[in-house]
>>> print(open('my_file30.pdb').read())   # PDB, C-alpha atoms, pLDDT in the B column
ATOM      1  CA  MET A   1     -23.446  -7.225  22.659  1.00 94.00           C
ATOM      2  CA  LEU A   2     -22.231  -8.274  19.219  1.00 98.00           C
ATOM      3  CA  ILE A   3     -21.344  -5.445  16.814  1.00 98.00           C
ATOM      4  CA  THR A   4     -20.232  -6.191  13.260  1.00 98.00           C
ATOM      5  CA  PHE A   5     -18.677  -4.019  10.590  1.00 98.00           C
ATOM      6  CA  GLU A   6     -19.208  -4.790   6.919  1.00 98.00           C
ATOM      7  CA  GLY A   7     -18.201  -3.288   3.593  1.00 97.00           C
ATOM      8  CA  ILE A   8     -16.010  -3.927   0.599  1.00 93.00           C
ATOM      9  CA  ASP A   9     -12.252  -3.873   1.025  1.00 87.00           C
ATOM     10  CA  GLY A  10     -11.037  -0.311   1.435  1.00 88.00           C
ATOM     11  CA  ALA A  11     -14.206   1.046   3.057  1.00 94.00           C
ATOM     12  CA  GLY A  12     -12.391   1.945   6.279  1.00 94.00           C
ATOM     13  CA  LYS A  13     -13.702  -0.717   8.665  1.00 96.00           C
ATOM     14  CA  SER A  14     -10.422  -1.143  10.528  1.00 95.00           C
ATOM     15  CA  THR A  15     -10.124   2.592  11.219  1.00 96.00           C
ATOM     16  CA  GLN A  16     -13.644   2.813  12.619  1.00 98.00           C
ATOM     17  CA  ILE A  17     -13.258  -0.311  14.725  1.00 98.00           C
ATOM     18  CA  LYS A  18     -10.117   1.101  16.368  1.00 98.00           C
ATOM     19  CA  LYS A  19     -11.891   4.365  17.152  1.00 98.00           C
ATOM     20  CA  LEU A  20     -14.928   2.573  18.565  1.00 98.00           C
ATOM     21  CA  VAL A  21     -12.816   0.304  20.755  1.00 98.00           C
ATOM     22  CA  THR A  22     -11.125   3.342  22.272  1.00 97.00           C
ATOM     23  CA  THR A  23     -14.457   5.042  22.955  1.00 96.00           C
ATOM     24  CA  LEU A  24     -16.128   1.981  24.478  1.00 96.00           C
ATOM     25  CA  SER A  25     -13.061   1.118  26.569  1.00 96.00           C
ATOM     26  CA  ASP A  26     -12.985   4.677  27.918  1.00 96.00           C
ATOM     27  CA  GLN A  27     -16.586   4.124  28.985  1.00 93.00           C
ATOM     28  CA  GLY A  28     -15.488   1.126  31.027  1.00 94.00           C
ATOM     29  CA  ARG A  29     -16.777  -1.554  28.700  1.00 94.00           C
ATOM     30  CA  ASP A  30     -14.941  -4.856  28.296  1.00 97.00           C
ATOM     31  CA  VAL A  31     -14.373  -4.968  24.543  1.00 98.00           C
ATOM     32  CA  LEU A  32     -13.043  -7.796  22.396  1.00 98.00           C
ATOM     33  CA  THR A  33     -12.210  -7.202  18.725  1.00 98.00           C
ATOM     34  CA  LEU A  34     -11.847  -9.981  16.183  1.00 98.00           C
ATOM     35  CA  ARG A  35     -11.495 -10.339  12.453  1.00 96.00           C
ATOM     36  CA  GLU A  36     -12.770 -12.780   9.882  1.00 97.00           C
ATOM     37  CA  PRO A  37     -11.259 -14.982   8.803  1.00 96.00           C
ATOM     38  CA  GLY A  38      -9.066 -15.421  11.855  1.00 96.00           C
ATOM     39  CA  GLY A  39      -9.206 -15.110  15.605  1.00 95.00           C
ATOM     40  CA  THR A  40      -8.000 -18.589  16.574  1.00 96.00           C
ATOM     41  CA  GLU A  41      -4.869 -20.552  15.702  1.00 96.00           C
ATOM     42  CA  VAL A  42      -6.758 -22.741  13.241  1.00 96.00           C
ATOM     43  CA  ALA A  43      -8.734 -19.826  11.778  1.00 96.00           C
ATOM     44  CA  GLU A  44      -5.557 -17.795  11.204  1.00 95.00           C
ATOM     45  CA  LYS A  45      -4.033 -20.690   9.256  1.00 95.00           C
ATOM     46  CA  ILE A  46      -7.170 -20.848   7.132  1.00 95.00           C
ATOM     47  CA  ARG A  47      -6.848 -17.098   6.599  1.00 93.00           C
ATOM     48  CA  MET A  48      -3.385 -17.597   5.167  1.00 92.00           C
ATOM     49  CA  ILE A  49      -4.732 -20.145   2.678  1.00 91.00           C
ATOM     50  CA  LEU A  50      -7.644 -17.929   1.657  1.00 91.00           C
ATOM     51  CA  LEU A  51      -5.816 -14.624   1.303  1.00 86.00           C
ATOM     52  CA  GLU A  52      -2.122 -15.294   0.810  1.00 77.00           C
ATOM     53  CA  SER A  53      -2.225 -18.339  -1.437  1.00 70.00           C
ATOM     54  CA  ARG A  54      -1.441 -17.968  -5.134  1.00 75.00           C
ATOM     55  CA  HIS A  55      -3.340 -21.183  -5.791  1.00 80.00           C
ATOM     56  CA  ALA A  56      -6.780 -21.050  -7.374  1.00 86.00           C
ATOM     57  CA  ILE A  57      -9.599 -22.020  -5.011  1.00 92.00           C
ATOM     58  CA  SER A  58     -13.036 -22.976  -6.289  1.00 95.00           C
ATOM     59  CA  PRO A  59     -16.004 -20.862  -5.092  1.00 95.00           C
ATOM     60  CA  ILE A  60     -17.355 -23.833  -3.096  1.00 97.00           C
ATOM     61  CA  GLY A  61     -13.944 -24.513  -1.576  1.00 96.00           C
ATOM     62  CA  GLU A  62     -13.613 -20.845  -0.674  1.00 95.00           C
ATOM     63  CA  LEU A  63     -17.039 -20.880   0.982  1.00 97.00           C
ATOM     64  CA  LEU A  64     -16.269 -23.940   3.057  1.00 97.00           C
ATOM     65  CA  LEU A  65     -12.890 -22.594   4.171  1.00 97.00           C
ATOM     66  CA  PHE A  66     -14.429 -19.307   5.302  1.00 97.00           C
ATOM     67  CA  SER A  67     -17.181 -21.237   7.084  1.00 98.00           C
ATOM     68  CA  ALA A  68     -14.723 -23.542   8.829  1.00 98.00           C
ATOM     69  CA  SER A  69     -12.779 -20.534  10.079  1.00 98.00           C
ATOM     70  CA  ARG A  70     -16.009 -18.922  11.292  1.00 98.00           C
ATOM     71  CA  ALA A  71     -17.153 -22.047  13.121  1.00 98.00           C
ATOM     72  CA  GLU A  72     -13.870 -22.149  15.037  1.00 97.00           C
ATOM     73  CA  LEU A  73     -14.064 -18.454  15.905  1.00 98.00           C
ATOM     74  CA  VAL A  74     -17.693 -18.560  17.045  1.00 98.00           C
ATOM     75  CA  GLN A  75     -17.387 -21.636  19.214  1.00 98.00           C
ATOM     76  CA  GLU A  76     -13.933 -20.988  20.652  1.00 98.00           C
ATOM     77  CA  VAL A  77     -14.046 -17.214  21.182  1.00 98.00           C
ATOM     78  CA  VAL A  78     -17.261 -15.352  20.341  1.00 98.00           C
ATOM     79  CA  MET A  79     -19.768 -17.435  22.293  1.00 98.00           C
ATOM     80  CA  PRO A  80     -17.658 -17.556  25.494  1.00 98.00           C
ATOM     81  CA  ALA A  81     -16.990 -13.796  25.285  1.00 98.00           C
ATOM     82  CA  LEU A  82     -20.679 -12.960  24.888  1.00 98.00           C
ATOM     83  CA  ALA A  83     -21.519 -15.286  27.763  1.00 98.00           C
ATOM     84  CA  ASP A  84     -19.045 -13.334  29.906  1.00 98.00           C
ATOM     85  CA  GLY A  85     -20.845 -10.089  29.124  1.00 96.00           C
ATOM     86  CA  LYS A  86     -18.188  -8.662  26.822  1.00 97.00           C
ATOM     87  CA  THR A  87     -18.881  -6.360  23.900  1.00 97.00           C
ATOM     88  CA  VAL A  88     -17.608  -8.214  20.836  1.00 98.00           C
ATOM     89  CA  ILE A  89     -16.749  -6.277  17.685  1.00 98.00           C
ATOM     90  CA  LEU A  90     -16.232  -8.303  14.517  1.00 98.00           C
ATOM     91  CA  ASP A  91     -14.480  -7.056  11.399  1.00 98.00           C
ATOM     92  CA  ARG A  92     -16.746  -9.042   9.037  1.00 98.00           C
ATOM     93  CA  PHE A  93     -19.164 -11.834   9.849  1.00 98.00           C
ATOM     94  CA  PHE A  94     -21.633 -13.940   7.896  1.00 98.00           C
ATOM     95  CA  ASP A  95     -22.937 -11.009   5.813  1.00 98.00           C
ATOM     96  CA  SER A  96     -19.545 -11.023   4.093  1.00 98.00           C
ATOM     97  CA  THR A  97     -20.140 -14.601   3.012  1.00 98.00           C
ATOM     98  CA  THR A  98     -23.495 -13.702   1.489  1.00 98.00           C
ATOM     99  CA  ALA A  99     -22.036 -10.657  -0.276  1.00 98.00           C
ATOM    100  CA  TYR A 100     -18.733 -12.118  -1.441  1.00 97.00           C
ATOM    101  CA  GLN A 101     -19.473 -15.773  -2.066  1.00 97.00           C
ATOM    102  CA  GLY A 102     -23.175 -15.332  -2.856  1.00 98.00           C
ATOM    103  CA  TYR A 103     -23.401 -12.172  -4.933  1.00 98.00           C
ATOM    104  CA  GLY A 104     -19.713 -11.963  -5.840  1.00 96.00           C
ATOM    105  CA  ARG A 105     -19.026 -15.600  -6.753  1.00 96.00           C
ATOM    106  CA  GLY A 106     -22.608 -16.413  -7.693  1.00 97.00           C
ATOM    107  CA  LEU A 107     -23.226 -19.281  -5.267  1.00 98.00           C
ATOM    108  CA  ASP A 108     -26.779 -20.313  -4.393  1.00 98.00           C
ATOM    109  CA  LEU A 109     -28.134 -18.100  -1.597  1.00 97.00           C
ATOM    110  CA  GLU A 110     -30.284 -20.802  -0.014  1.00 97.00           C
ATOM    111  CA  MET A 111     -27.274 -23.086   0.268  1.00 97.00           C
ATOM    112  CA  LEU A 112     -25.327 -20.219   1.845  1.00 97.00           C
ATOM    113  CA  ARG A 113     -28.019 -19.641   4.456  1.00 97.00           C
ATOM    114  CA  SER A 114     -27.861 -23.277   5.547  1.00 97.00           C
ATOM    115  CA  ILE A 115     -24.081 -23.252   5.854  1.00 98.00           C
ATOM    116  CA  ILE A 116     -24.121 -19.890   7.659  1.00 98.00           C
ATOM    117  CA  GLU A 117     -26.648 -21.206  10.184  1.00 97.00           C
ATOM    118  CA  ILE A 118     -24.314 -24.108  10.980  1.00 97.00           C
ATOM    119  CA  SER A 119     -21.087 -22.094  11.144  1.00 98.00           C
ATOM    120  CA  THR A 120     -22.542 -19.342  13.360  1.00 98.00           C
ATOM    121  CA  CYS A 121     -24.573 -21.590  15.695  1.00 97.00           C
ATOM    122  CA  GLY A 122     -27.446 -19.231  14.912  1.00 96.00           C
ATOM    123  CA  ILE A 123     -25.770 -16.125  16.355  1.00 97.00           C
ATOM    124  CA  VAL A 124     -26.942 -12.832  14.818  1.00 98.00           C
ATOM    125  CA  PRO A 125     -25.314  -9.409  15.471  1.00 98.00           C
ATOM    126  CA  ASP A 126     -27.171  -6.874  17.583  1.00 97.00           C
ATOM    127  CA  ILE A 127     -26.189  -4.193  15.089  1.00 97.00           C
ATOM    128  CA  THR A 128     -24.237  -4.127  11.821  1.00 98.00           C
ATOM    129  CA  PHE A 129     -22.531  -1.027  10.460  1.00 98.00           C
ATOM    130  CA  TYR A 130     -22.201  -1.120   6.688  1.00 98.00           C
ATOM    131  CA  LEU A 131     -19.632   1.350   5.348  1.00 98.00           C
ATOM    132  CA  ASP A 132     -20.758   2.096   1.812  1.00 97.00           C
ATOM    133  CA  ILE A 133     -18.259   3.199  -0.804  1.00 95.00           C
ATOM    134  CA  PRO A 134     -18.124   2.955  -4.607  1.00 92.00           C
ATOM    135  CA  PRO A 135     -15.816   0.095  -5.617  1.00 86.00           C
ATOM    136  CA  GLU A 136     -13.639   2.412  -7.723  1.00 84.00           C
ATOM    137  CA  GLU A 137     -12.900   4.627  -4.726  1.00 88.00           C
ATOM    138  CA  ALA A 138     -12.309   1.678  -2.418  1.00 83.00           C
ATOM    139  CA  LEU A 139      -9.888   0.112  -4.873  1.00 78.00           C
ATOM    140  CA  LYS A 140      -8.010   3.400  -5.234  1.00 80.00           C
ATOM    141  CA  ARG A 141      -7.574   3.448  -1.464  1.00 80.00           C
ATOM    142  CA  LYS A 142      -6.303  -0.122  -1.403  1.00 72.00           C
ATOM    143  CA  PHE A 143      -3.828   0.335  -4.230  1.00 69.00           C
ATOM    144  CA  SER A 144      -2.658   3.705  -2.907  1.00 73.00           C
ATOM    145  CA  ALA A 145      -2.087   2.252   0.566  1.00 64.00           C
ATOM    146  CA  LYS A 146       0.085  -0.457  -0.944  1.00 58.00           C
ATOM    147  CA  SER A 147       1.868   2.101  -3.200  1.00 56.00           C
ATOM    148  CA  ILE A 148       1.289  -0.001  -6.298  1.00 50.00           C
ATOM    149  CA  PRO A 149      -0.295   0.673  -9.707  1.00 53.00           C
ATOM    150  CA  LEU A 150      -3.926  -0.271 -10.303  1.00 53.00           C
ATOM    151  CA  GLU A 151      -3.261  -3.773 -11.639  1.00 56.00           C
ATOM    152  CA  PHE A 152      -5.311  -6.686 -10.341  1.00 55.00           C
ATOM    153  CA  ASP A 153      -2.618  -9.299 -10.976  1.00 55.00           C
ATOM    154  CA  SER A 154      -0.100  -7.583  -8.724  1.00 58.00           C
ATOM    155  CA  ASP A 155       1.779  -9.809  -6.299  1.00 59.00           C
ATOM    156  CA  GLU A 156       1.223  -7.133  -3.636  1.00 62.00           C
ATOM    157  CA  LEU A 157      -2.503  -7.906  -3.501  1.00 68.00           C
ATOM    158  CA  ASP A 158      -4.117 -10.745  -1.579  1.00 72.00           C
ATOM    159  CA  ARG A 159      -6.150 -13.424  -3.351  1.00 77.00           C
ATOM    160  CA  MET A 160      -9.506 -11.692  -2.800  1.00 79.00           C
ATOM    161  CA  GLU A 161      -8.186  -8.319  -3.954  1.00 75.00           C
ATOM    162  CA  ARG A 162      -7.111  -9.899  -7.235  1.00 76.00           C
ATOM    163  CA  SER A 163     -10.738 -10.768  -8.053  1.00 82.00           C
ATOM    164  CA  GLY A 164     -11.233  -7.626 -10.160  1.00 81.00           C
ATOM    165  CA  ALA A 165     -13.520  -4.615 -10.439  1.00 82.00           C
ATOM    166  CA  GLU A 166     -16.648  -6.432 -11.646  1.00 90.00           C
ATOM    167  CA  PHE A 167     -16.454  -8.780  -8.692  1.00 92.00           C
ATOM    168  CA  TYR A 168     -16.445  -5.847  -6.249  1.00 91.00           C
ATOM    169  CA  HIS A 169     -19.371  -4.208  -8.029  1.00 93.00           C
ATOM    170  CA  ASN A 170     -21.352  -7.418  -7.540  1.00 96.00           C
ATOM    171  CA  VAL A 171     -20.304  -7.599  -3.889  1.00 96.00           C
ATOM    172  CA  ARG A 172     -21.459  -4.042  -3.251  1.00 96.00           C
ATOM    173  CA  GLN A 173     -24.817  -4.711  -4.891  1.00 96.00           C
ATOM    174  CA  GLY A 174     -25.074  -7.782  -2.699  1.00 97.00           C
ATOM    175  CA  TYR A 175     -24.495  -5.718   0.429  1.00 97.00           C
ATOM    176  CA  LEU A 176     -27.185  -3.243  -0.611  1.00 96.00           C
ATOM    177  CA  GLU A 177     -29.672  -6.088  -1.059  1.00 98.00           C
ATOM    178  CA  ILE A 178     -28.690  -7.704   2.259  1.00 98.00           C
ATOM    179  CA  MET A 179     -29.164  -4.363   3.981  1.00 97.00           C
ATOM    180  CA  ARG A 180     -32.595  -3.912   2.382  1.00 97.00           C
ATOM    181  CA  LEU A 181     -33.690  -7.312   3.684  1.00 97.00           C
ATOM    182  CA  ASN A 182     -32.265  -6.675   7.180  1.00 97.00           C
ATOM    183  CA  SER A 183     -33.024  -2.987   7.644  1.00 96.00           C
ATOM    184  CA  LYS A 184     -33.636  -3.234  11.396  1.00 95.00           C
ATOM    185  CA  ARG A 185     -30.153  -4.633  12.055  1.00 97.00           C
ATOM    186  CA  PHE A 186     -28.161  -2.683   9.468  1.00 97.00           C
ATOM    187  CA  VAL A 187     -26.987   0.914   9.594  1.00 96.00           C
ATOM    188  CA  SER A 188     -25.593   2.296   6.350  1.00 97.00           C
ATOM    189  CA  ILE A 189     -22.896   4.961   6.568  1.00 97.00           C
ATOM    190  CA  ASN A 190     -21.264   6.928   3.772  1.00 97.00           C
ATOM    191  CA  ALA A 191     -17.642   5.777   3.915  1.00 97.00           C
ATOM    192  CA  LEU A 192     -16.515   8.828   1.915  1.00 96.00           C
ATOM    193  CA  GLU A 193     -17.159  11.084   4.910  1.00 97.00           C
ATOM    194  CA  HIS A 194     -14.286  12.153   7.174  1.00 97.00           C
ATOM    195  CA  PRO A 195     -13.327   9.315   9.581  1.00 97.00           C
ATOM    196  CA  ALA A 196     -14.001  11.502  12.634  1.00 98.00           C
ATOM    197  CA  LEU A 197     -17.500  12.300  11.413  1.00 98.00           C
ATOM    198  CA  ILE A 198     -18.194   8.637  10.719  1.00 98.00           C
ATOM    199  CA  HIS A 199     -17.062   7.750  14.239  1.00 98.00           C
ATOM    200  CA  ARG A 200     -19.396  10.337  15.747  1.00 97.00           C
ATOM    201  CA  GLN A 201     -22.275   8.905  13.723  1.00 97.00           C
ATOM    202  CA  ILE A 202     -21.490   5.388  14.922  1.00 98.00           C
ATOM    203  CA  THR A 203     -21.246   6.319  18.603  1.00 97.00           C
ATOM    204  CA  ALA A 204     -24.428   8.403  18.411  1.00 96.00           C
ATOM    205  CA  LEU A 205     -26.333   5.527  16.814  1.00 94.00           C
ATOM    206  CA  LEU A 206     -25.088   3.061  19.416  1.00 94.00           C
ATOM    207  CA  LYS A 207     -26.097   5.376  22.236  1.00 91.00           C
ATOM    208  CA  GLN A 208     -29.515   5.900  20.698  1.00 89.00           C
ATOM    209  CA  ARG A 209     -30.183   2.233  20.078  1.00 83.00           C
ATOM    210  CA  PHE A 210     -28.663   0.672  23.194  1.00 81.00           C
ATOM    211  CA  GLU A 211     -28.753   3.445  25.780  1.00 75.00           C
ATOM    212  CA  SER A 212     -30.537   1.139  28.216  1.00 55.00           C
TER     213      SER A 212
END
>>> encode(input="my_file30.pdb", output="structure tokens")
Amino acid sequence: MLITFEGIDGAGKSTQIKKLVTTLSDQGRDVLTLREPGGTEVAEKIRMILLESRHAISPIGELLLFSASRAELVQEVVMPALADGKTVILDRFFDSTTAYQGYGRGLDLEMLRSIIEISTCGIVPDITFYLDIPPEEALKRKFSAKSIPLEFDSDELDRMERSGAEFYHNVRQGYLEIMRLNSKRFVSINALEHPALIHRQITALLKQRFES
């Protein structure tokens, strides 16, 4: 089974993934968690370029770097793990590309679909949890966690976080449209709820949908 978590930065994906891993492992499931970009030696190096670099990267260059990282992760780790019967949980997958590079950066959506098809080898998640949160609240969480003032040019932020408030508004609208077009796969959850309540919602939905 392939489970993905999506949402803008600060929505609480990492917290929910950790809780879900604990629950599924306690049930005796063999669980593998991965993040995008990253997950292989090559993909982690690409992650450093994408997030830690102070250099400007064009939207097309950004797209291709994310896609190269994804192709490595899918072929080297995800596909073998699924073939072995493992439950794979991804912190971001191709929906992030559509939301961030498509709706956020304004790249052509048809072009994105073609590149996504190549980089994922056609793999689609069994279920995607979208943690929805207003960008203002998510950004407050991010800046508070880093104990820095709300300034988008801060050296404490990664390259994506420095993209600004309007960018994140566009990304969120992108996610809402993606979810509308893929309603059978997506589950939207209010990320402002208490983390324990969110976890109970996630586990209940998984049990309901995949009890067999």
>>> resolve_selection(input="my_file30.pdb", expression="the PyMOL selection byres ((chain A and resi 129) around 7)", output="CSV table (one decimal) with C-alpha atoms, keeping the file's coordinate frame")
chain,number,residue,atom,x,y,z
A,4,THR,CA,-20.2,-6.2,13.3
A,5,PHE,CA,-18.7,-4.0,10.6
A,6,GLU,CA,-19.2,-4.8,6.9
A,127,ILE,CA,-26.2,-4.2,15.1
A,128,THR,CA,-24.2,-4.1,11.8
A,130,TYR,CA,-22.2,-1.1,6.7
A,131,LEU,CA,-19.6,1.4,5.3
A,186,PHE,CA,-28.2,-2.7,9.5
A,187,VAL,CA,-27.0,0.9,9.6
A,188,SER,CA,-25.6,2.3,6.4
>>> closest_residue(input="my_file30.pdb", among="A:Ala99, A:Gly104, A:Gln201, A:Lys142", to="A:Glu177", atoms="all atoms listed in the file")
A:Ala99
>>> closest_residue(input="my_file30.pdb", among="A:Arg141, A:Thr23, A:Arg70, A:Ile8", to="A:Gln173", atoms="all atoms listed in the file")
A:Ile8
>>> atom_distance(input="my_file30.pdb", atom1="atom CA of A:Glu110", atom2="atom CA of A:Arg180")
17.2 Å
>>> closest_residue(input="my_file30.pdb", among="A:Met48, A:Leu90, A:Val42, A:Leu82", to="A:Lys18", atoms="all atoms listed in the file")
A:Leu90
>>> resolve_selection(input="my_file30.pdb", expression="the PyMOL selection byres ((chain A and resi 43) around 8)", output="list in words")
Pro37, Gly38, Gly39, Thr40, Glu41, Val42, Glu44, Lys45, Ile46, Arg47, Ala68, Ser69, Arg70, Glu72 and Leu73 of chain A
>>> write_last_selection(input="my_file30.pdb", atoms="C-alpha atoms", output="PDB file, in the coordinates of the input")
ATOM      1  CA  PRO A  37     -11.259 -14.982   8.803  1.00 96.00           C
ATOM      2  CA  GLY A  38      -9.066 -15.421  11.855  1.00 96.00           C
ATOM      3  CA  GLY A  39      -9.206 -15.110  15.605  1.00 95.00           C
ATOM      4  CA  THR A  40      -8.000 -18.589  16.574  1.00 96.00           C
ATOM      5  CA  GLU A  41      -4.869 -20.552  15.702  1.00 96.00           C
ATOM      6  CA  VAL A  42      -6.758 -22.741  13.241  1.00 96.00           C
ATOM      7  CA  GLU A  44      -5.557 -17.795  11.204  1.00 95.00           C
ATOM      8  CA  LYS A  45      -4.033 -20.690   9.256  1.00 95.00           C
ATOM      9  CA  ILE A  46      -7.170 -20.848   7.132  1.00 95.00           C
ATOM     10  CA  ARG A  47      -6.848 -17.098   6.599  1.00 93.00           C
ATOM     11  CA  ALA A  68     -14.723 -23.542   8.829  1.00 98.00           C
ATOM     12  CA  SER A  69     -12.779 -20.534  10.079  1.00 98.00           C
ATOM     13  CA  ARG A  70     -16.009 -18.922  11.292  1.00 98.00           C
ATOM     14  CA  GLU A  72     -13.870 -22.149  15.037  1.00 97.00           C
ATOM     15  CA  LEU A  73     -14.064 -18.454  15.905  1.00 98.00           C
TER      16      LEU A  73
END
>>> atom_distance(input="my_file30.pdb", atom1="atom CA of A:Met79", atom2="atom CA of A:Arg35")
14.7 Å
>>> closest_residue(input="my_file30.pdb", among="A:Glu136, A:Asp95, A:Asp158, A:Asp108", to="A:Tyr175", atoms="all atoms listed in the file")
A:Asp95
>>> closest_residue(input="my_file30.pdb", among="A:Ser25, A:Gln75, A:Gln16, A:Ser96", to="A:His194", atoms="all atoms listed in the file")
A:Gln16
>>> resolve_selection(input="my_file30.pdb", expression="the PyMOL selection byres ((chain A and resi 17) around 9)", output="JSON list (two decimals) with C-alpha atoms, keeping the file's coordinate frame")
[["chain", "number", "residue", "atom", "x", "y", "z"],
["A", 5, "PHE", "CA", -18.68, -4.02, 10.59],
["A", 12, "GLY", "CA", -12.39, 1.94, 6.28],
["A", 13, "LYS", "CA", -13.70, -0.72, 8.66],
["A", 14, "SER", "CA", -10.42, -1.14, 10.53],
["A", 15, "THR", "CA", -10.12, 2.59, 11.22],
["A", 16, "GLN", "CA", -13.64, 2.81, 12.62],
["A", 18, "LYS", "CA", -10.12, 1.10, 16.37],
["A", 19, "LYS", "CA", -11.89, 4.36, 17.15],
["A", 20, "LEU", "CA", -14.93, 2.57, 18.57],
["A", 21, "VAL", "CA", -12.82, 0.30, 20.76],
["A", 22, "THR", "CA", -11.12, 3.34, 22.27],
["A", 33, "THR", "CA", -12.21, -7.20, 18.73],
["A", 89, "ILE", "CA", -16.75, -6.28, 17.68],
["A", 90, "LEU", "CA", -16.23, -8.30, 14.52],
["A", 91, "ASP", "CA", -14.48, -7.06, 11.40],
["A", 199, "HIS", "CA", -17.06, 7.75, 14.24]]
>>> residues_around(input="my_file30.pdb", residues="A:Asp84", least_positions_apart="6", cutoff="12 Å", atoms="all atoms listed in the file", output="PDB file with C-alpha atoms, keeping the file's coordinate frame")
ATOM      1  CA  MET A   1     -23.446  -7.225  22.659  1.00 94.00           C
ATOM      2  CA  ASP A  30     -14.941  -4.856  28.296  1.00 97.00           C
ATOM      3  CA  VAL A  31     -14.373  -4.968  24.543  1.00 98.00           C
ATOM      4  CA  LEU A  32     -13.043  -7.796  22.396  1.00 98.00           C
ATOM      5  CA  VAL A  77     -14.046 -17.214  21.182  1.00 98.00           C
ATOM      6  CA  VAL A  78     -17.261 -15.352  20.341  1.00 98.00           C
TER       7      VAL A  78
END
>>> closest_residue(input="my_file30.pdb", among="A:Lys86, A:Gly10, A:Glu76, A:Arg54", to="A:Ser144", atoms="all atoms listed in the file")
A:Gly10
>>> atom_distance(input="my_file30.pdb", atom1="atom CA of A:Lys207", atom2="atom CA of A:Leu34")
21.8 Å
>>> residues_around(input="my_file30.pdb", residues="A:Gly106", least_positions_apart="6", cutoff="12 Å", atoms="all atoms listed in the file", output="count of residues only")
13
>>> axis_aligned_box(input="my_file30.pdb", around="stretch 29-44 of chain A", padding_each_side="6 Å", output="AutoDock Vina command-line options")
--center_x -10.8 --center_y -12.1 --center_z 18.8 --size_x 23.9 --size_y 33.2 --size_z 31.9
